[in-house]
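A.B. asks: For reference, the structure I am asking about is given below.
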Amino acid sequence: MSPHTSPQATVDEVRVSDGVTRVALIGTGAMGADHAERIARRCGGAGLAGVCDADAEVARVTAGRVGGCRVESDPFALIGADDVDGVVIATPGSTHEELLLACLERDVPVLCEKPLTPDAESSHRVVRAEAALGRRRIQVGFMRRFDPQYEQLKRTLDAGTLGVPVMLHCAHRAASAAAWFSQRTLISDGVVHEFDVTRWLLGQEIVAVSVFRPEGSHDPADERPTPQFVLFEMSGSVLVDVEVFISAGFGYQVRCEAVCADGTMTIGDNSGPVVQHRGRWGGEVTQDYRPRFGQAYDREVQAWVNSVRTGTCVGPSAWDGYAAAAAADAGTQAQVTGARVEVRIAERPSLYT
Ligand SMILES: NC(=O)c1ccc[n+]([C@@H]2O[C@H](COP(=O)([O-])OP(=O)(O)OC[C@H]3O[C@@H](n4cnc5c(N)ncnc54)[C@H](O)[C@@H]3O)[C@@H](O)[C@H]2O)c1
């Protein structure tokens, strides 16, 4: 599947009817526990065979909550188990490479949370291993491609109704950052979503990245992320700006305004119910990524489960993960040097064309 093709058709057309895809889940922290519920309770034709976490108690809590699956202490034993049809990886990015390589070695389909890996060099090793295997086995968890609002934006841009896209203004805000977020992971784990989704929306590659920080907003010795402004130059001349602010306090907000020659389209504003009461009006702001993208995660995982059954991998590929990691490398370099950094990309193997 082309990286710029919507996965919608696959999600809707392939509904599982016979048997159950038995899933091994590695990592049962915030994202993994959420995926456990979805695989066990909401996905058609899927069930959890086993879970594993470096913290055994965390794995036991998840297994106890969903029921019907075993706890395994060794992730590699789970990847190779006879009763496992596919693997979901929801551990931190730094652990993904060896888990992915084990899945490829055993030819097991895998849905790996973003980022594919934390940098382009390790992502390229994964791409090379999959290319050597000769078939796609990896879907990367860039779930925005499965979000109905992003899909609508892509359909509109593809249809050309608004004319040629010239700019995207994006905001990526969270109420508070997980403790492990640093200046670097702000780009490699946070803005990586925008690196992927802009390539997909526009059908263009990222050519160069610049990063700006408001003067006086940071102490160089302090590794905690401060609000930043990331600018991407795309191969088709579109400019993309991303405000990334993950200690925004008020809630979680991912918005994108596409500015085209004949009009604009905005997605991601909180536009739920508006309440008017005692002389005031207002609504709720989503508090984290799970409610905002819940439908996207459900559709992403369902598409993956279905693809395990059909044997045809869908959605964002290892190549997309690598391309996003290459842009993230440029971004983290730009963050440190203050310079505009060009994105360096290797030749694309034929598996991904
Ligand atoms: N798609 C999204 O929107 C989204 C949102 C949040 C997190 N994520 C991604 O999901 C992944 C996990 O993030 P999180 O927020 O759940 O982190 P987390 O810290 O809450 O959970 C990670 C879990 O992995 C476990 N772990 C660490 N190394 C392990 C190993 N080698 N084997 C087994 N278990 C191991 C930890 O004990 C922990 O329980 C990251 O890659 C993150 O970027 C994606």
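A note on labels: chains of the structure tokens are A, B, ... as shown, every chain counts residues from 1, and ligands are counted from 1 in their shown order.
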To check your reading of the model: which residues sit at most 6 Å from ligand 1 when counting only C-alpha atoms and all ligand atoms? Write the answer as a list in words.
C.D. replies: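 Listed by chain and ascending number, the contacts are Ile26, Gly27, Thr28, Gly29, Ala30, Met31, Gly32, Cys52, Asp53, Ala54, Asp55, Ala90, Thr91, Pro92, Gly93, Thr95, Glu113, Lys114, Pro115, Gly141, Phe142, Met143 and Asp189 of chain A.
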A.B. asks: Selection from above, N, CA and C atoms, as a tab-separated table (two decimals), in the first residue's frame, can you write it?
C.D. replies:
chain	number	residue	atom	x	y	z
A	26	ILE	N	3.10	-6.38	24.18
A	26	ILE	CA	4.34	-6.14	24.93
A	26	ILE	C	4.35	-4.68	25.37
A	27	GLY	N	4.32	-4.46	26.67
A	27	GLY	CA	4.22	-3.11	27.22
A	27	GLY	C	2.77	-2.83	27.60
A	28	THR	N	2.53	-2.74	28.91
A	28	THR	CA	1.14	-2.51	29.36
A	28	THR	C	1.08	-1.26	30.24
A	29	GLY	N	1.82	-0.22	29.80
A	29	GLY	CA	1.75	1.07	30.50
A	29	GLY	C	0.50	1.81	30.02
A	30	ALA	N	0.59	3.13	29.89
A	30	ALA	CA	-0.59	3.94	29.53
A	30	ALA	C	-1.19	3.51	28.19
A	31	MET	N	-0.37	3.46	27.15
A	31	MET	CA	-0.88	3.13	25.82
A	31	MET	C	-1.22	1.65	25.71
A	32	GLY	N	-0.35	0.79	26.27
A	32	GLY	CA	-0.56	-0.65	26.18
A	32	GLY	C	-1.82	-1.09	26.91
A	52	CYS	N	3.00	-8.84	28.40
A	52	CYS	CA	4.33	-8.83	29.00
A	52	CYS	C	4.70	-7.39	29.30
A	53	ASP	N	5.30	-7.16	30.45
A	53	ASP	CA	5.81	-5.82	30.76
A	53	ASP	C	7.05	-6.01	31.62
A	54	ALA	N	8.02	-5.10	31.47
A	54	ALA	CA	9.22	-5.16	32.28
A	54	ALA	C	8.85	-5.10	33.76
A	55	ASP	N	7.74	-4.46	34.06
A	55	ASP	CA	7.22	-4.43	35.43
A	55	ASP	C	6.10	-5.48	35.51
A	90	ALA	N	4.00	-1.81	22.69
A	90	ALA	CA	3.66	-0.51	23.30
A	90	ALA	C	4.63	-0.21	24.43
A	91	THR	N	5.90	-0.47	24.17
A	91	THR	CA	6.97	-0.13	25.11
A	91	THR	C	7.60	1.18	24.65
A	92	PRO	N	8.48	1.80	25.44
A	92	PRO	CA	9.13	3.04	24.97
A	92	PRO	C	9.92	2.82	23.68
A	93	GLY	N	10.03	3.87	22.87
A	93	GLY	CA	10.67	3.78	21.56
A	93	GLY	C	12.06	3.17	21.58
A	95	THR	N	13.15	0.71	23.02
A	95	THR	CA	13.13	-0.77	23.07
A	95	THR	C	12.59	-1.38	21.77
A	113	GLU	N	3.85	0.73	18.22
A	113	GLU	CA	3.57	2.12	18.55
A	113	GLU	C	4.65	3.04	17.98
A	114	LYS	N	4.25	4.26	17.68
A	114	LYS	CA	5.24	5.25	17.24
A	114	LYS	C	6.13	5.60	18.42
A	115	PRO	N	7.36	6.07	18.24
A	115	PRO	CA	8.06	6.11	16.97
A	115	PRO	C	8.53	4.70	16.61
A	141	GLY	N	2.25	2.68	14.54
A	141	GLY	CA	1.08	3.25	15.20
A	141	GLY	C	0.89	4.75	15.01
A	142	PHE	N	0.97	5.20	13.76
A	142	PHE	CA	0.62	6.60	13.47
A	142	PHE	C	-0.89	6.65	13.26
A	143	MET	N	-1.62	6.70	14.38
A	143	MET	CA	-3.07	6.49	14.32
A	143	MET	C	-3.82	7.66	13.71
A	189	ASP	N	9.37	11.92	19.69
A	189	ASP	CA	8.20	11.17	20.15
A	189	ASP	C	6.91	11.97	20.00
A.B. asks: If we count only C-alpha atoms and set the cut-off at 8 Å, which residues sit around range 179-184 of chain A, ignoring sequence neighbours fewer than 5 positions away in its own chain? Please answer as a VMD selection string.
C.D. replies: chain A and resid 223 to 226 332
A.B. asks: Quick one: write out the picked residues with C-alpha atoms as a PDB file, in the first residue's frame?
C.D. replies:
ATOM      1  CA  GLU A 223      15.942  19.095  29.961  1.00  0.00           C
ATOM      2  CA  ARG A 224      12.211  19.554  30.461  1.00  0.00           C
ATOM      3  CA  PRO A 225      10.451  20.484  27.230  1.00  0.00           C
ATOM      4  CA  THR A 226       9.438  24.091  26.673  1.00  0.00           C
ATOM      5  CA  THR A 332      16.614  17.440  17.040  1.00  0.00           C
TER       6      THR A 332
END
A.B. asks: With only C-alpha atoms as the basis for distance, which of A:Ala330, A:Val305, A:Val238, A:Val164 is at the shortest distance from Ile39 in chain A?
C.D. replies: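 Closest residue, counting only C-alpha atoms: A:Val305.
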A.B. asks: Quick check for you: according to DSSP on this backbone, which residues of range 107-145 of chain A are classed as helix (DSSP H, G or I)? Reply as a PDB file with N, CA, C and O atoms, in the first residue's frame.
C.D. replies:
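Heads up, here's the output in result.pdb:
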ATOM      1  N   ALA A 120      16.956   7.768  12.985  1.00  0.00           N
ATOM      2  CA  ALA A 120      16.903   7.252  11.611  1.00  0.00           C
ATOM      3  C   ALA A 120      17.805   6.036  11.414  1.00  0.00           C
ATOM      4  O   ALA A 120      17.449   5.115  10.679  1.00  0.00           O
ATOM      5  N   GLU A 121      18.972   6.039  12.067  1.00  0.00           N
ATOM      6  CA  GLU A 121      19.906   4.929  11.849  1.00  0.00           C
ATOM      7  C   GLU A 121      19.283   3.599  12.279  1.00  0.00           C
ATOM      8  O   GLU A 121      19.309   2.608  11.538  1.00  0.00           O
ATOM      9  N   SER A 122      18.692   3.573  13.471  1.00  0.00           N
ATOM     10  CA  SER A 122      18.084   2.323  13.946  1.00  0.00           C
ATOM     11  C   SER A 122      16.822   2.008  13.142  1.00  0.00           C
ATOM     12  O   SER A 122      16.542   0.844  12.840  1.00  0.00           O
ATOM     13  N   SER A 123      16.063   3.019  12.748  1.00  0.00           N
ATOM     14  CA  SER A 123      14.876   2.772  11.923  1.00  0.00           C
ATOM     15  C   SER A 123      15.276   2.170  10.577  1.00  0.00           C
ATOM     16  O   SER A 123      14.590   1.297  10.043  1.00  0.00           O
ATOM     17  N   HIS A 124      16.410   2.637  10.053  1.00  0.00           N
ATOM     18  CA  HIS A 124      16.844   2.114   8.763  1.00  0.00           C
ATOM     19  C   HIS A 124      17.266   0.650   8.873  1.00  0.00           C
ATOM     20  O   HIS A 124      17.047  -0.148   7.949  1.00  0.00           O
ATOM     21  N   ARG A 125      17.806   0.267  10.036  1.00  0.00           N
ATOM     22  CA  ARG A 125      18.150  -1.159  10.233  1.00  0.00           C
ATOM     23  C   ARG A 125      16.870  -2.009  10.176  1.00  0.00           C
ATOM     24  O   ARG A 125      16.857  -3.099   9.617  1.00  0.00           O
ATOM     25  N   VAL A 126      15.792  -1.485  10.753  1.00  0.00           N
ATOM     26  CA  VAL A 126      14.518  -2.217  10.743  1.00  0.00           C
ATOM     27  C   VAL A 126      13.986  -2.312   9.308  1.00  0.00           C
ATOM     28  O   VAL A 126      13.539  -3.370   8.857  1.00  0.00           O
ATOM     29  N   VAL A 127      14.053  -1.200   8.583  1.00  0.00           N
ATOM     30  CA  VAL A 127      13.608  -1.186   7.179  1.00  0.00           C
ATOM     31  C   VAL A 127      14.400  -2.222   6.369  1.00  0.00           C
ATOM     32  O   VAL A 127      13.836  -2.998   5.587  1.00  0.00           O
ATOM     33  N   ARG A 128      15.714  -2.246   6.579  1.00  0.00           N
ATOM     34  CA  ARG A 128      16.554  -3.183   5.806  1.00  0.00           C
ATOM     35  C   ARG A 128      16.199  -4.635   6.145  1.00  0.00           C
ATOM     36  O   ARG A 128      16.154  -5.486   5.269  1.00  0.00           O
ATOM     37  N   ALA A 129      15.905  -4.888   7.420  1.00  0.00           N
ATOM     38  CA  ALA A 129      15.558  -6.264   7.813  1.00  0.00           C
ATOM     39  C   ALA A 129      14.226  -6.676   7.183  1.00  0.00           C
ATOM     40  O   ALA A 129      14.071  -7.807   6.713  1.00  0.00           O
ATOM     41  N   GLU A 130      13.261  -5.746   7.144  1.00  0.00           N
ATOM     42  CA  GLU A 130      11.966  -6.092   6.542  1.00  0.00           C
ATOM     43  C   GLU A 130      12.110  -6.259   5.020  1.00  0.00           C
ATOM     44  O   GLU A 130      11.515  -7.178   4.435  1.00  0.00           O
ATOM     45  N   ALA A 131      12.917  -5.392   4.418  1.00  0.00           N
ATOM     46  CA  ALA A 131      13.143  -5.503   2.967  1.00  0.00           C
ATOM     47  C   ALA A 131      13.808  -6.841   2.654  1.00  0.00           C
ATOM     48  O   ALA A 131      13.481  -7.496   1.657  1.00  0.00           O
ATOM     49  N   ALA A 132      14.726  -7.286   3.512  1.00  0.00           N
ATOM     50  CA  ALA A 132      15.404  -8.576   3.290  1.00  0.00           C
ATOM     51  C   ALA A 132      14.414  -9.724   3.435  1.00  0.00           C
ATOM     52  O   ALA A 132      14.498 -10.724   2.719  1.00  0.00           O
ATOM     53  N   LEU A 133      13.446  -9.581   4.334  1.00  0.00           N
ATOM     54  CA  LEU A 133      12.409 -10.614   4.497  1.00  0.00           C
ATOM     55  C   LEU A 133      11.558 -10.701   3.231  1.00  0.00           C
ATOM     56  O   LEU A 133      11.074 -11.764   2.857  1.00  0.00           O
ATOM     57  N   MET A 143      -1.620   6.704  14.382  1.00  0.00           N
ATOM     58  CA  MET A 143      -3.067   6.490  14.320  1.00  0.00           C
ATOM     59  C   MET A 143      -3.822   7.657  13.712  1.00  0.00           C
ATOM     60  O   MET A 143      -4.994   7.512  13.370  1.00  0.00           O
ATOM     61  N   ARG A 144      -3.150   8.836  13.557  1.00  0.00           N
ATOM     62  CA  ARG A 144      -3.894   9.976  12.997  1.00  0.00           C
ATOM     63  C   ARG A 144      -4.418   9.661  11.600  1.00  0.00           C
ATOM     64  O   ARG A 144      -5.410  10.213  11.167  1.00  0.00           O
ATOM     65  N   ARG A 145      -3.721   8.758  10.894  1.00  0.00           N
ATOM     66  CA  ARG A 145      -4.188   8.393   9.546  1.00  0.00           C
ATOM     67  C   ARG A 145      -5.542   7.686   9.600  1.00  0.00           C
ATOM     68  O   ARG A 145      -6.180   7.516   8.572  1.00  0.00           O
TER      69      ARG A 145
END
A.B. asks: Work out how far apart CA of Gln152 in chain A and CA of Val240 in chain A are and give it in Å to one decimal.
C.D. replies: 18.6 Å
A.B. asks: Rounded to one decimal place, report the CA of Glu300 in chain A-CA of Glu37 in chain A distance in Å.
C.D. replies: 14.0 Å
A.B. asks: Could you pull the residues within 10 Å of Ser237 in chain A, counting only C-alpha atoms, minus those fewer than 2 positions along the same chain, as a list of chain:residue names?
C.D. replies: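 Residues meeting the cut-off are A:Pro165, A:Val166, A:Met167, A:Gln204, A:Glu205, A:Ile206, A:Val207, A:Phe232, A:Glu233, A:Met234, A:Ser235, A:Leu239, A:Val240.
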A.B. asks: Just to confirm, what's the straight-line distance from CA of Ala46 in chain A to CA of Gly19 in chain A in Å (one decimal)?
C.D. replies: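 So the two atoms, CA of Ala46 in chain A and CA of Gly19 in chain A, lie 8.4 Å apart.
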A.B. asks: So which one's closest to Cys69 in chain A, A:Ala33, A:Leu111, A:Arg22, A:Cys43? Using only C-alpha atoms, please.
C.D. replies: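 Looking at the shortest contact to Cys69 in chain A, the residue is A:Arg22.
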A.B. asks: I need the residues in range 115-349 of chain A that are strand (DSSP E or B) according to DSSP; give them as JSON, numbers by chain.
C.D. replies: {"A": [138, 139, 140, 141, 165, 166, 167, 168, 169, 170, 171, 172, 173, 206, 207, 208, 209, 210, 211, 212, 228, 229, 230, 231, 232, 233, 234, 239, 240, 241, 242, 243, 244, 245, 253, 254, 255, 256, 257, 258, 259, 260, 263, 264, 265, 266, 267, 275, 276, 277, 280, 281, 282, 341, 342]}
A.B. asks: Find the residues around Arg292 in chain A up to 12 Å (only C-alpha atoms counted), leave out those fewer than 6 positions away in its own chain, and share them as a list in words.
C.D. replies: Met143, Arg144, Asp147, Pro148, Gln149, Arg173, Ala174, Gly251, Tyr252, Gln253, Val254, Arg255, Ile267, Gly268, Asp269, Asn270, Ser271, Gly272, Glu284, Val285, Thr286 and Asp298 of chain A
A.B. asks: Write out as number ranges by chain which residues come within 10 Å of Ala102 in chain A when counting only C-alpha atoms, dropping same-chain ones fewer than 3 positions away.
C.D. replies: A: 75-76, 79-80, 96-99, 105-108
A.B. asks: Taking 4 positions as the minimum chain separation for residues in the same chain, which residues sit within 8 Å of range 60-67 of chain A when counting only C-alpha atoms? Answer as a list in words.
C.D. replies: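 Surrounding residues, per the criterion: Thr28, Ala33, Ala36, Glu37, Ala40, Arg41, Gly50, Val51, Ala56 and Val71 of chain A.
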A.B. asks: Can I get the selected residues back with N, CA, C and O atoms, as a JSON list (two decimals), in the first residue's frame?
C.D. replies:
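Here's the written file again_21.json:
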[["chain", "number", "residue", "atom", "x", "y", "z"],
["A", 28, "THR", "N", 2.53, -2.74, 28.91],
["A", 28, "THR", "CA", 1.14, -2.51, 29.36],
["A", 28, "THR", "C", 1.08, -1.26, 30.24],
["A", 28, "THR", "O", 0.41, -1.24, 31.26],
["A", 33, "ALA", "N", -2.08, -0.54, 28.08],
["A", 33, "ALA", "CA", -3.29, -0.91, 28.83],
["A", 33, "ALA", "C", -4.53, -0.51, 28.03],
["A", 33, "ALA", "O", -5.53, -1.23, 28.00],
["A", 36, "ALA", "N", -4.93, -3.00, 25.33],
["A", 36, "ALA", "CA", -5.40, -4.29, 25.87],
["A", 36, "ALA", "C", -6.92, -4.32, 25.92],
["A", 36, "ALA", "O", -7.56, -5.28, 25.49],
["A", 37, "GLU", "N", -7.51, -3.25, 26.41],
["A", 37, "GLU", "CA", -8.99, -3.15, 26.50],
["A", 37, "GLU", "C", -9.60, -3.25, 25.11],
["A", 37, "GLU", "O", -10.60, -3.91, 24.90],
["A", 40, "ALA", "N", -9.17, -6.80, 23.65],
["A", 40, "ALA", "CA", -9.98, -7.81, 24.35],
["A", 40, "ALA", "C", -11.48, -7.55, 24.22],
["A", 40, "ALA", "O", -12.26, -8.48, 24.18],
["A", 41, "ARG", "N", -11.88, -6.27, 24.14],
["A", 41, "ARG", "CA", -13.31, -5.99, 24.25],
["A", 41, "ARG", "C", -13.95, -5.34, 23.02],
["A", 41, "ARG", "O", -15.14, -5.43, 22.83],
["A", 50, "GLY", "N", -1.49, -13.19, 25.35],
["A", 50, "GLY", "CA", -0.60, -12.97, 26.48],
["A", 50, "GLY", "C", -0.13, -11.53, 26.54],
["A", 50, "GLY", "O", -0.17, -10.82, 25.53],
["A", 51, "VAL", "N", 0.28, -11.11, 27.72],
["A", 51, "VAL", "CA", 0.83, -9.76, 27.90],
["A", 51, "VAL", "C", 2.17, -9.87, 28.60],
["A", 51, "VAL", "O", 2.44, -10.84, 29.32],
["A", 56, "ALA", "N", 6.43, -6.63, 36.10],
["A", 56, "ALA", "CA", 5.50, -7.78, 36.09],
["A", 56, "ALA", "C", 4.16, -7.43, 36.73],
["A", 56, "ALA", "O", 3.11, -7.91, 36.29],
["A", 71, "VAL", "N", 0.33, -14.05, 31.57],
["A", 71, "VAL", "CA", 1.41, -13.06, 31.75],
["A", 71, "VAL", "C", 2.72, -13.78, 31.46],
["A", 71, "VAL", "O", 2.97, -14.86, 32.00]]
A.B. asks: Got a sec: who's within 10 Å of Val20 in chain A, counting only C-alpha atoms, leaving out chain neighbours fewer than 5 positions off, as a list in words?
C.D. replies: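 Close residues of Val20 in chain A: Gly44, Gly45, Ala46, Gly47, Leu48, Asp85, Val305 and Arg309 of chain A.
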